[in-house]
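Asker: The structure file entry.cif (mmCIF, C-alpha atoms) is provided below.
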data_protein
loop_
_atom_site.label_atom_id
_atom_site.label_comp_id
_atom_site.auth_asym_id
_atom_site.auth_seq_id
_atom_site.Cartn_x
_atom_site.Cartn_y
_atom_site.Cartn_z
CA MET G 24 0.00 0.00 0.00
CA LYS G 25 2.81 2.37 0.84
CA ASN G 26 4.35 4.74 -1.70
CA PHE G 27 7.97 4.48 -0.50
CA TRP G 28 9.65 1.14 -0.22
CA ILE G 29 12.89 -0.82 -0.24
CA THR G 30 12.75 -4.22 -1.88
CA GLU G 31 14.96 -7.19 -2.71
CA GLU G 32 12.77 -8.03 -5.69
CA ALA G 33 12.97 -6.63 -9.21
CA ILE G 34 11.06 -3.33 -9.32
CA GLU G 35 8.09 -3.19 -11.67
CA ILE G 36 7.89 0.30 -13.12
CA ASN G 37 4.11 0.07 -13.33
CA ASP G 38 3.84 -0.61 -9.60
CA VAL G 39 5.46 2.75 -8.93
CA VAL G 40 3.64 4.69 -11.63
CA ASN G 41 0.27 3.28 -10.59
CA LYS G 42 0.71 4.81 -7.14
CA VAL G 43 0.71 8.32 -8.58
CA THR G 44 -1.73 8.04 -11.49
CA ARG G 45 -4.85 10.12 -10.78
CA ALA G 46 -7.51 12.27 -12.42
CA GLU G 47 -5.95 15.52 -11.24
CA ALA G 48 -2.62 14.80 -12.91
CA GLY G 49 -1.75 15.47 -16.53
CA ALA G 50 1.93 14.66 -16.18
CA ILE G 51 3.97 11.90 -14.63
CA ASN G 52 7.73 12.02 -14.63
CA THR G 53 9.57 8.82 -13.93
CA PHE G 54 13.24 8.46 -13.20
CA ILE G 55 14.71 4.98 -13.50
CA GLY G 56 18.26 4.34 -12.33
CA THR G 57 19.81 1.27 -13.93
CA VAL G 58 23.14 -0.49 -13.45
CA ARG G 59 25.58 0.82 -16.01
CA GLU G 60 28.32 -1.42 -17.28
CA LEU G 61 31.06 1.11 -17.94
CA THR G 62 32.24 3.96 -15.73
CA LYS G 63 35.25 5.82 -17.07
CA GLY G 64 36.35 2.77 -18.98
CA LYS G 65 36.11 0.41 -16.04
CA ARG G 66 33.75 -2.52 -16.44
CA THR G 67 31.27 -3.23 -13.66
CA LEU G 68 30.32 -6.89 -13.27
CA TYR G 69 27.48 -6.38 -10.80
CA LEU G 70 26.49 -4.28 -7.80
CA GLU G 71 25.28 -4.93 -4.33
CA TYR G 72 23.09 -2.48 -2.46
CA GLN G 73 22.42 -2.57 1.25
CA ALA G 74 20.11 -0.35 3.23
CA TYR G 75 18.90 0.27 6.75
CA THR G 76 15.45 -0.58 5.46
CA ALA G 77 13.23 1.09 8.04
CA MET G 78 15.30 4.26 8.05
CA ALA G 79 15.65 4.32 4.28
CA GLU G 80 11.90 4.05 3.78
CA LYS G 81 11.36 6.81 6.31
CA LYS G 82 13.81 9.02 4.44
CA LEU G 83 12.16 8.28 1.10
CA GLU G 84 8.83 9.28 2.60
CA GLU G 85 10.45 12.46 3.90
CA ILE G 86 11.51 13.29 0.34
CA GLY G 87 7.89 12.86 -0.75
CA LYS G 88 6.86 15.38 1.89
CA GLU G 89 9.55 17.82 0.83
CA ILE G 90 8.28 17.62 -2.73
CA ASP G 91 4.75 18.21 -1.53
CA GLU G 92 5.88 21.38 0.22
CA ARG G 93 7.86 22.70 -2.74
CA TRP G 94 5.48 21.99 -5.64
CA GLU G 95 1.72 22.20 -5.83
CA ASN G 96 -0.52 19.16 -5.89
CA THR G 97 2.09 16.44 -6.26
CA GLN G 98 1.98 12.73 -5.63
CA THR G 99 5.25 10.83 -5.30
CA ALA G 100 6.26 7.17 -5.12
CA ILE G 101 9.77 5.75 -4.87
CA ALA G 102 11.02 2.17 -4.84
CA HIS G 103 14.69 1.28 -4.28
CA ARG G 104 16.08 -2.18 -4.72
CA VAL G 105 18.73 -3.80 -2.54
CA GLY G 106 20.77 -6.97 -2.89
CA ARG G 107 22.68 -8.06 -5.97
CA LEU G 108 21.93 -6.21 -9.21
CA ASP G 109 23.25 -7.12 -12.63
CA ILE G 110 23.95 -4.84 -15.55
CA SER G 111 20.81 -2.98 -16.72
CA ASP G 112 18.83 -4.02 -13.63
CA ILE G 113 16.71 -1.27 -12.14
CA ALA G 114 18.08 0.10 -8.86
CA VAL G 115 15.53 2.85 -8.26
CA VAL G 116 12.25 4.08 -9.71
CA ILE G 117 10.83 7.50 -8.87
CA ALA G 118 7.42 8.63 -10.11
CA VAL G 119 5.94 12.07 -9.52
CA SER G 120 2.56 13.17 -10.84
CA THR G 121 1.46 16.78 -11.08
CA PRO G 122 -1.20 18.71 -12.97
CA HIS G 123 1.43 20.34 -15.22
CA ARG G 124 4.55 18.85 -16.70
CA LYS G 125 7.15 21.38 -15.61
CA ASP G 126 6.59 20.53 -11.96
CA ALA G 127 6.77 16.79 -12.62
CA PHE G 128 10.23 17.12 -14.20
CA GLU G 129 11.55 19.38 -11.46
CA ALA G 130 10.21 17.34 -8.58
CA SER G 131 11.48 14.06 -10.01
CA ARG G 132 14.94 15.55 -10.44
CA TYR G 133 14.80 16.85 -6.90
CA ALA G 134 13.90 13.38 -5.63
CA ILE G 135 16.92 11.62 -7.12
CA GLU G 136 19.30 14.27 -5.81
CA ARG G 137 17.80 14.00 -2.33
CA ILE G 138 17.96 10.21 -2.38
CA LYS G 139 21.68 10.47 -2.86
CA GLU G 140 21.95 12.99 -0.06
CA ILE G 141 19.86 11.59 2.76
CA VAL G 142 18.85 7.96 2.23
CA PRO G 143 21.05 5.36 3.98
CA ILE G 144 21.80 3.02 1.11
CA TRP G 145 25.26 1.64 0.42
CA LYS G 146 26.56 0.29 -2.82
CA LYS G 147 29.29 -2.27 -3.42
CA GLU G 148 30.80 -2.10 -6.87
CA HIS G 149 32.21 -5.33 -8.26
CA TRP G 150 34.62 -4.62 -11.08
CA GLU G 151 36.68 -6.95 -13.17
CA ASN G 152 39.69 -6.21 -11.00
CA GLY G 153 38.29 -5.63 -7.56
CA GLU G 154 35.44 -4.43 -5.44
CA LEU G 155 34.59 -1.47 -3.23
CA TRP G 156 31.92 -0.56 -0.76
CA ILE G 157 30.81 2.95 -1.44
CA GLY G 158 29.79 4.33 1.86
CA ASP G 159 27.17 6.85 1.00
CA GLN G 160 25.11 7.82 -1.96
CA LYS G 161 27.17 10.90 -2.63
CA GLU G 162 30.19 8.60 -2.45
CA GLN G 163 32.13 10.78 -0.10
CA VAL G 164 33.00 7.83 2.11
CA SER G 165 34.79 4.68 1.03
CA TYR G 166 35.64 1.67 3.13
CA GLU G 167 38.60 0.30 1.25
CA GLY G 168 41.60 1.97 -0.24
CA ASN G 169 42.22 -0.47 -3.04
CA LEU G 170 40.19 1.41 -5.61
CA PRO G 171 39.40 5.05 -6.17
CA ALA G 172 36.70 6.22 -3.80
CA LYS G 173 35.39 8.97 -5.98
CA GLU G 174 33.78 6.78 -8.58
CA GLU G 175 30.77 8.30 -10.18
CA MET G 176 27.33 7.11 -9.25
CA GLN G 177 25.77 4.79 -11.79
CA ASP G 178 23.49 7.53 -12.90
CA ASP G 179 25.45 10.64 -12.02
CA MET X 27 10.63 -2.93 -33.75
CA LYS X 28 10.52 0.80 -34.25
CA ASN X 29 11.15 3.26 -31.43
CA PHE X 30 8.62 5.89 -32.50
CA TRP X 31 5.02 4.98 -33.02
CA ILE X 32 1.39 6.11 -33.04
CA THR X 33 -1.11 3.60 -31.69
CA GLU X 34 -4.83 3.24 -31.04
CA GLU X 35 -4.13 0.77 -28.25
CA ALA X 36 -3.35 1.53 -24.62
CA ILE X 37 0.37 2.27 -24.29
CA GLU X 38 2.36 -0.06 -22.07
CA ILE X 39 5.04 1.96 -20.31
CA ASN X 40 7.37 -1.04 -20.28
CA ASP X 41 7.19 -1.36 -24.07
CA VAL X 42 8.65 2.13 -24.37
CA VAL X 43 11.20 1.81 -21.57
CA ASN X 44 12.43 -1.56 -22.87
CA LYS X 45 13.41 0.10 -26.15
CA VAL X 46 15.97 2.28 -24.41
CA THR X 47 17.27 0.00 -21.64
CA ARG X 48 20.91 -0.91 -22.28
CA ALA X 49 24.22 -1.59 -20.56
CA GLU X 50 25.66 1.81 -21.42
CA ALA X 51 22.85 3.69 -19.67
CA GLY X 52 22.64 4.45 -15.98
CA ALA X 53 19.61 6.71 -16.25
CA ILE X 54 16.24 6.54 -17.95
CA ASN X 55 13.84 9.43 -17.79
CA THR X 56 10.25 8.76 -18.69
CA PHE X 57 7.58 11.34 -19.32
CA ILE X 58 4.00 10.11 -19.26
CA GLY X 59 1.22 12.43 -20.35
CA THR X 60 -2.18 11.45 -18.96
CA VAL X 61 -5.69 12.81 -19.47
CA ARG X 62 -6.41 15.27 -16.71
CA GLU X 63 -9.96 15.73 -15.52
CA LEU X 64 -9.92 19.39 -14.53
CA THR X 65 -8.47 22.35 -16.41
CA LYS X 66 -9.14 25.69 -14.77
CA GLY X 67 -12.24 24.34 -13.11
CA LYS X 68 -13.70 22.87 -16.29
CA ARG X 69 -14.34 19.14 -16.26
CA THR X 70 -13.11 17.07 -19.18
CA LEU X 71 -15.22 13.98 -19.92
CA TYR X 72 -12.87 12.43 -22.45
CA LEU X 73 -10.51 13.35 -25.28
CA GLU X 74 -10.05 12.31 -28.85
CA TYR X 75 -6.68 12.45 -30.56
CA GLN X 76 -6.17 12.21 -34.30
CA ALA X 77 -2.89 12.11 -36.17
CA TYR X 78 -1.48 11.91 -39.66
CA THR X 79 0.13 8.67 -38.59
CA ALA X 80 2.94 8.34 -41.11
CA MET X 81 3.93 11.97 -40.76
CA ALA X 82 3.58 11.94 -36.97
CA GLU X 83 5.86 8.92 -36.65
CA LYS X 84 8.37 10.55 -38.95
CA LYS X 85 8.34 13.66 -36.79
CA LEU X 86 8.75 11.67 -33.60
CA GLU X 87 11.75 9.96 -35.14
CA GLU X 88 13.11 13.38 -36.08
CA ILE X 89 12.89 14.41 -32.42
CA GLY X 90 14.92 11.33 -31.52
CA LYS X 91 17.58 12.44 -33.99
CA GLU X 92 17.59 15.97 -32.59
CA ILE X 93 18.14 14.56 -29.11
CA ASP X 94 20.97 12.43 -30.40
CA GLU X 95 22.65 15.51 -31.81
CA ARG X 96 22.20 17.60 -28.69
CA TRP X 97 23.14 15.10 -25.97
CA GLU X 98 25.80 12.43 -25.89
CA ASN X 99 25.01 8.75 -26.17
CA THR X 100 21.22 8.86 -25.95
CA GLN X 101 18.55 6.38 -26.90
CA THR X 102 14.96 7.61 -27.27
CA ALA X 103 11.58 5.97 -27.73
CA ILE X 104 8.20 7.69 -27.99
CA ALA X 105 4.68 6.27 -28.27
CA HIS X 106 1.62 8.48 -28.76
CA ARG X 107 -1.91 7.18 -28.57
CA VAL X 108 -4.78 8.30 -30.78
CA GLY X 109 -8.52 7.72 -30.63
CA ARG X 110 -10.73 8.15 -27.59
CA LEU X 111 -8.98 8.52 -24.24
CA ASP X 112 -10.67 8.60 -20.87
CA ILE X 113 -9.55 10.37 -17.71
CA SER X 114 -6.12 9.14 -16.52
CA ASP X 115 -5.46 7.26 -19.76
CA ILE X 116 -1.94 7.59 -21.09
CA ALA X 117 -1.70 9.82 -24.17
CA VAL X 118 2.06 9.78 -24.63
CA VAL X 119 5.11 8.02 -23.22
CA ILE X 120 8.64 9.28 -23.80
CA ALA X 121 11.70 7.37 -22.59
CA VAL X 122 15.27 8.58 -22.94
CA SER X 123 18.28 6.67 -21.66
CA THR X 124 21.71 8.20 -21.15
CA PRO X 125 24.83 7.32 -19.21
CA HIS X 126 24.22 10.16 -16.72
CA ARG X 127 20.97 11.39 -15.27
CA LYS X 128 21.18 15.10 -16.01
CA ASP X 129 21.06 14.43 -19.74
CA ALA X 130 18.12 12.05 -19.40
CA PHE X 131 16.02 14.70 -17.67
CA GLU X 132 16.94 17.41 -20.13
CA ALA X 133 16.41 15.33 -23.24
CA SER X 134 13.06 13.99 -22.06
CA ARG X 135 11.86 17.52 -21.35
CA TYR X 136 13.06 18.58 -24.77
CA ALA X 137 11.13 15.73 -26.38
CA ILE X 138 7.74 16.69 -24.94
CA GLU X 139 8.21 20.34 -25.92
CA ARG X 140 9.15 19.34 -29.46
CA ILE X 141 6.20 16.96 -29.74
CA LYS X 142 3.90 19.87 -29.10
CA GLU X 143 5.73 21.97 -31.65
CA ILE X 144 6.20 19.75 -34.66
CA VAL X 145 4.12 16.56 -34.48
CA PRO X 146 0.79 16.65 -36.37
CA ILE X 147 -1.57 15.40 -33.68
CA TRP X 148 -4.94 17.02 -32.98
CA LYS X 149 -6.93 16.83 -29.85
CA LYS X 150 -10.66 17.13 -29.35
CA GLU X 151 -11.68 18.07 -25.85
CA HIS X 152 -15.08 16.88 -24.70
CA TRP X 153 -16.25 18.90 -21.73
CA GLU X 154 -19.44 18.72 -19.76
CA ASN X 155 -20.80 21.64 -21.76
CA GLY X 156 -19.29 21.28 -25.19
CA GLU X 157 -16.40 20.15 -27.28
CA LEU X 158 -13.54 21.68 -29.24
CA TRP X 159 -11.00 20.49 -31.73
CA ILE X 160 -7.67 21.91 -30.78
CA GLY X 161 -5.83 22.37 -33.98
CA ASP X 162 -2.25 22.01 -33.00
CA GLN X 163 -0.29 20.81 -30.06
CA LYS X 164 0.62 24.30 -29.01
CA GLU X 165 -3.09 25.10 -29.22
CA GLN X 166 -2.64 28.20 -31.24
CA VAL X 167 -5.34 27.16 -33.70
CA SER X 168 -8.93 26.33 -32.83
CA TYR X 169 -11.67 25.20 -35.17
CA GLU X 170 -14.72 26.38 -33.31
CA GLY X 171 -15.49 29.58 -31.52
CA ASN X 172 -17.84 28.19 -28.93
CA LEU X 173 -15.18 27.62 -26.32
CA PRO X 174 -11.95 29.33 -25.45
CA ALA X 175 -9.20 28.27 -27.81
CA LYS X 176 -6.40 28.93 -25.42
CA GLU X 177 -7.07 26.03 -23.13
CA GLU X 178 -4.01 24.65 -21.52
CA MET X 179 -2.60 21.39 -22.72
CA GLN X 180 -3.42 18.44 -20.50
CA ASP X 181 0.12 18.42 -19.29
CA ASP X 182 1.18 22.00 -19.77
#
Could I get this file's structure written as structure tokens?

Answerer:
Amino acid sequence: MKNFWITEEAIEINDVVNKVTRAEAGAINTFIGTVRELTKGKRTLYLEYQAYTAMAEKKLEEIGKEIDERWENTQTAIAHRVGRLDISDIAVVIAVSTPHRKDAFEASRYAIERIKEIVPIWKKEHWENGELWIGDQKEQVSYEGNLPAKEEMQDD
Amino acid sequence: MKNFWITEEAIEINDVVNKVTRAEAGAINTFIGTVRELTKGKRTLYLEYQAYTAMAEKKLEEIGKEIDERWENTQTAIAHRVGRLDISDIAVVIAVSTPHRKDAFEASRYAIERIKEIVPIWKKEHWENGELWIGDQKEQVSYEGNLPAKEEMQDD
């Protein structure tokens, strides 16, 4: 029933979009973050995400409230996957519906930036030649020194 | 097989997103235009869209090429429905995938603006108290004088 959730299962885009579809809305913007194979020439094999689930869901809900305060008549849903993700798998789906399209684009963009700022989700990159836990979504913290810590986010 | 199409059937969001999902992309932005019930207090009952199908698909494809020229490493798919659409039905789905999210947002926004500018699709609004063919997507042309011509787009 809830609009903000962490899941170990593959995310169905429709499940997220359906949460925000409504008669008052003329626009839905959806952001889908997928696992990219190449980052600056380095090949990712797969990723692992971990989250403090209860806290992460609370923070996602908080982002929904922030959007509601900043734009008029919005409805937001966000699902983030955890566990092992392969190339092209969906890591996150954001959907925001609004009466007018400009707001939908802006609010959806806001949501993905805020996810990276405040939601406690960690990512472990598995490359051909090593692996690295990336400690926060902005990637300012790394837990091992064997690979560069300042890798880009998958969808930066 | 094609990435740009006009259809009389309900649009499946996944059909559009699947066209642009790929290992090189970390971001997919999707814009979904739905039929809004209320526009400035006036209640829409349903809409009808008509298109010059061959020309409309050609123009959608042209938008994909424009995006490709303006942003790096994009893939775009667009489906637009025609015929009768009820409240909350999906009129258009745009999906753009890019390596990085900023480009996906920008290119998707560009696509919906360009659709309204160059794609020959007409909309007939059926309100509680009348109806109006809206002659172009920017709604600068109306075919009847019985209702204001400058109605907003569903997703303006």

Asker: Residues of chain X near chain G: apply a cut-off of 6 Å, count only C-alpha atoms, and supply the list as number ranges by chain.

Answerer: X: 48-63, 113-114, 126-127, 180-182

Asker: Could the residues in this selection be saved with C-alpha atoms as a PDB file, in the frame of the given file?

Answerer:
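Done, and the output landed in again20.pdb:
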ATOM      1  CA  ARG X  48      20.910  -0.910 -22.280  1.00  0.00           C
ATOM      2  CA  ALA X  49      24.220  -1.590 -20.560  1.00  0.00           C
ATOM      3  CA  GLU X  50      25.660   1.810 -21.420  1.00  0.00           C
ATOM      4  CA  ALA X  51      22.850   3.690 -19.670  1.00  0.00           C
ATOM      5  CA  GLY X  52      22.640   4.450 -15.980  1.00  0.00           C
ATOM      6  CA  ALA X  53      19.610   6.710 -16.250  1.00  0.00           C
ATOM      7  CA  ILE X  54      16.240   6.540 -17.950  1.00  0.00           C
ATOM      8  CA  ASN X  55      13.840   9.430 -17.790  1.00  0.00           C
ATOM      9  CA  THR X  56      10.250   8.760 -18.690  1.00  0.00           C
ATOM     10  CA  PHE X  57       7.580  11.340 -19.320  1.00  0.00           C
ATOM     11  CA  ILE X  58       4.000  10.110 -19.260  1.00  0.00           C
ATOM     12  CA  GLY X  59       1.220  12.430 -20.350  1.00  0.00           C
ATOM     13  CA  THR X  60      -2.180  11.450 -18.960  1.00  0.00           C
ATOM     14  CA  VAL X  61      -5.690  12.810 -19.470  1.00  0.00           C
ATOM     15  CA  ARG X  62      -6.410  15.270 -16.710  1.00  0.00           C
ATOM     16  CA  GLU X  63      -9.960  15.730 -15.520  1.00  0.00           C
ATOM     17  CA  ILE X 113      -9.550  10.370 -17.710  1.00  0.00           C
ATOM     18  CA  SER X 114      -6.120   9.140 -16.520  1.00  0.00           C
ATOM     19  CA  HIS X 126      24.220  10.160 -16.720  1.00  0.00           C
ATOM     20  CA  ARG X 127      20.970  11.390 -15.270  1.00  0.00           C
ATOM     21  CA  GLN X 180      -3.420  18.440 -20.500  1.00  0.00           C
ATOM     22  CA  ASP X 181       0.120  18.420 -19.290  1.00  0.00           C
ATOM     23  CA  ASP X 182       1.180  22.000 -19.770  1.00  0.00           C
TER      24      ASP X 182
END

Asker: Could you tell me how far atom CA of Lys142 of chain X sits from atom CA of Trp94 of chain G, in Å to one decimal place?

Answerer: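 Straight-line distance from atom CA of Trp94 of chain G to atom CA of Lys142 of chain X works out to 23.6 Å.
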
Asker: So which residues touch Lys82 of chain G within 12 Å, counting all atoms listed in the file, skipping near sequence neighbours fewer than 2 positions away, as a list in words?

Answerer: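 The residues satisfying every condition are Phe27, Trp28, Ile29, Ala74, Tyr75, Thr76, Ala77, Met78, Ala79, Glu80, Glu84, Glu85, Ile86, Gly87, Lys88, Glu89, Ile101, Ala102, His103, Ala134, Arg137, Ile138, Lys139, Glu140, Ile141, Val142, Pro143 and Ile144 of chain G.
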
Asker: Which polymer residues have any atom within 10 Å of an atom of Lys68 of chain X, counting all atoms listed in the file, with same-chain residues fewer than 6 positions away left out, as a list of chain:residue names?

Answerer: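 Neighbouring residues, sequence-local ones excluded: X:Trp153, X:Glu154, X:Asn155.
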
Asker: Save the residues we just selected, C-alpha atoms, as a PDB file, in the coordinates of the input?

Answerer:
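Final output, part_30.pdb:
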ATOM      1  CA  TRP X 153     -16.250  18.900 -21.730  1.00  0.00           C
ATOM      2  CA  GLU X 154     -19.440  18.720 -19.760  1.00  0.00           C
ATOM      3  CA  ASN X 155     -20.800  21.640 -21.760  1.00  0.00           C
TER       4      ASN X 155
END

Asker: Out of X:Lys84, X:His152, X:Arg107, X:Arg69, which residue has the shortest atom-to-atom distance to Ile37 of chain X when counting all atoms listed in the file?

Answerer: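 Among the listed residues, X:Arg107 lies closest to Ile37 of chain X.
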
Asker: Would you mind completing segment 80-106 of chain X so that it carries N, CA and C atoms, and writing it out as a tab-separated table (two decimals), in the coordinates of the input?

Answerer:
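As written to disk, out-v5.tsv reads:
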chain	number	residue	atom	x	y	z
X	80	ALA	N	1.62	8.49	-40.50
X	80	ALA	CA	2.94	8.34	-41.11
X	80	ALA	C	3.80	9.56	-40.83
X	81	MET	N	3.19	10.74	-41.00
X	81	MET	CA	3.93	11.97	-40.76
X	81	MET	C	4.27	12.14	-39.27
X	82	ALA	N	3.35	11.80	-38.42
X	82	ALA	CA	3.58	11.94	-36.97
X	82	ALA	C	4.74	11.03	-36.53
X	83	GLU	N	4.76	9.82	-37.03
X	83	GLU	CA	5.86	8.92	-36.65
X	83	GLU	C	7.20	9.41	-37.18
X	84	LYS	N	7.14	9.98	-38.37
X	84	LYS	CA	8.37	10.55	-38.95
X	84	LYS	C	8.88	11.70	-38.08
X	85	LYS	N	7.95	12.51	-37.61
X	85	LYS	CA	8.34	13.66	-36.79
X	85	LYS	C	8.85	13.22	-35.41
X	86	LEU	N	8.25	12.19	-34.88
X	86	LEU	CA	8.75	11.67	-33.60
X	86	LEU	C	10.18	11.16	-33.76
X	87	GLU	N	10.41	10.48	-34.86
X	87	GLU	CA	11.75	9.96	-35.14
X	87	GLU	C	12.75	11.12	-35.29
X	88	GLU	N	12.27	12.18	-35.91
X	88	GLU	CA	13.11	13.38	-36.08
X	88	GLU	C	13.51	13.94	-34.71
X	89	ILE	N	12.58	13.93	-33.77
X	89	ILE	CA	12.89	14.41	-32.42
X	89	ILE	C	13.97	13.53	-31.79
X	90	GLY	N	13.88	12.23	-32.02
X	90	GLY	CA	14.92	11.33	-31.52
X	90	GLY	C	16.29	11.69	-32.08
X	91	LYS	N	16.31	12.05	-33.36
X	91	LYS	CA	17.58	12.44	-33.99
X	91	LYS	C	18.09	13.76	-33.41
X	92	GLU	N	17.19	14.69	-33.19
X	92	GLU	CA	17.59	15.97	-32.59
X	92	GLU	C	18.22	15.75	-31.21
X	93	ILE	N	17.60	14.86	-30.45
X	93	ILE	CA	18.14	14.56	-29.11
X	93	ILE	C	19.53	13.96	-29.22
X	94	ASP	N	19.68	13.07	-30.18
X	94	ASP	CA	20.97	12.43	-30.40
X	94	ASP	C	22.06	13.44	-30.75
X	95	GLU	N	21.68	14.48	-31.45
X	95	GLU	CA	22.65	15.51	-31.81
X	95	GLU	C	23.00	16.42	-30.64
X	96	ARG	N	22.04	16.61	-29.75
X	96	ARG	CA	22.20	17.60	-28.69
X	96	ARG	C	22.81	17.02	-27.41
X	97	TRP	N	22.59	15.74	-27.16
X	97	TRP	CA	23.14	15.10	-25.97
X	97	TRP	C	23.95	13.88	-26.38
X	98	GLU	N	24.90	13.52	-25.53
X	98	GLU	CA	25.80	12.43	-25.89
X	98	GLU	C	25.21	11.07	-25.53
X	99	ASN	N	25.32	10.14	-26.45
X	99	ASN	CA	25.01	8.75	-26.17
X	99	ASN	C	23.60	8.58	-25.59
X	100	THR	N	22.61	9.00	-26.37
X	100	THR	CA	21.22	8.86	-25.95
X	100	THR	C	20.53	7.75	-26.73
X	101	GLN	N	19.48	7.22	-26.15
X	101	GLN	CA	18.55	6.38	-26.90
X	101	GLN	C	17.14	6.82	-26.51
X	102	THR	N	16.28	7.03	-27.52
X	102	THR	CA	14.96	7.61	-27.27
X	102	THR	C	13.87	6.73	-27.87
X	103	ALA	N	12.77	6.63	-27.18
X	103	ALA	CA	11.58	5.97	-27.73
X	103	ALA	C	10.36	6.81	-27.33
X	104	ILE	N	9.41	6.92	-28.25
X	104	ILE	CA	8.20	7.69	-27.99
X	104	ILE	C	7.00	6.96	-28.59
X	105	ALA	N	5.95	6.80	-27.78
X	105	ALA	CA	4.68	6.27	-28.27
X	105	ALA	C	3.58	7.28	-27.98
X	106	HIS	N	2.74	7.56	-28.96
X	106	HIS	CA	1.62	8.48	-28.76
X	106	HIS	C	0.34	7.77	-29.15
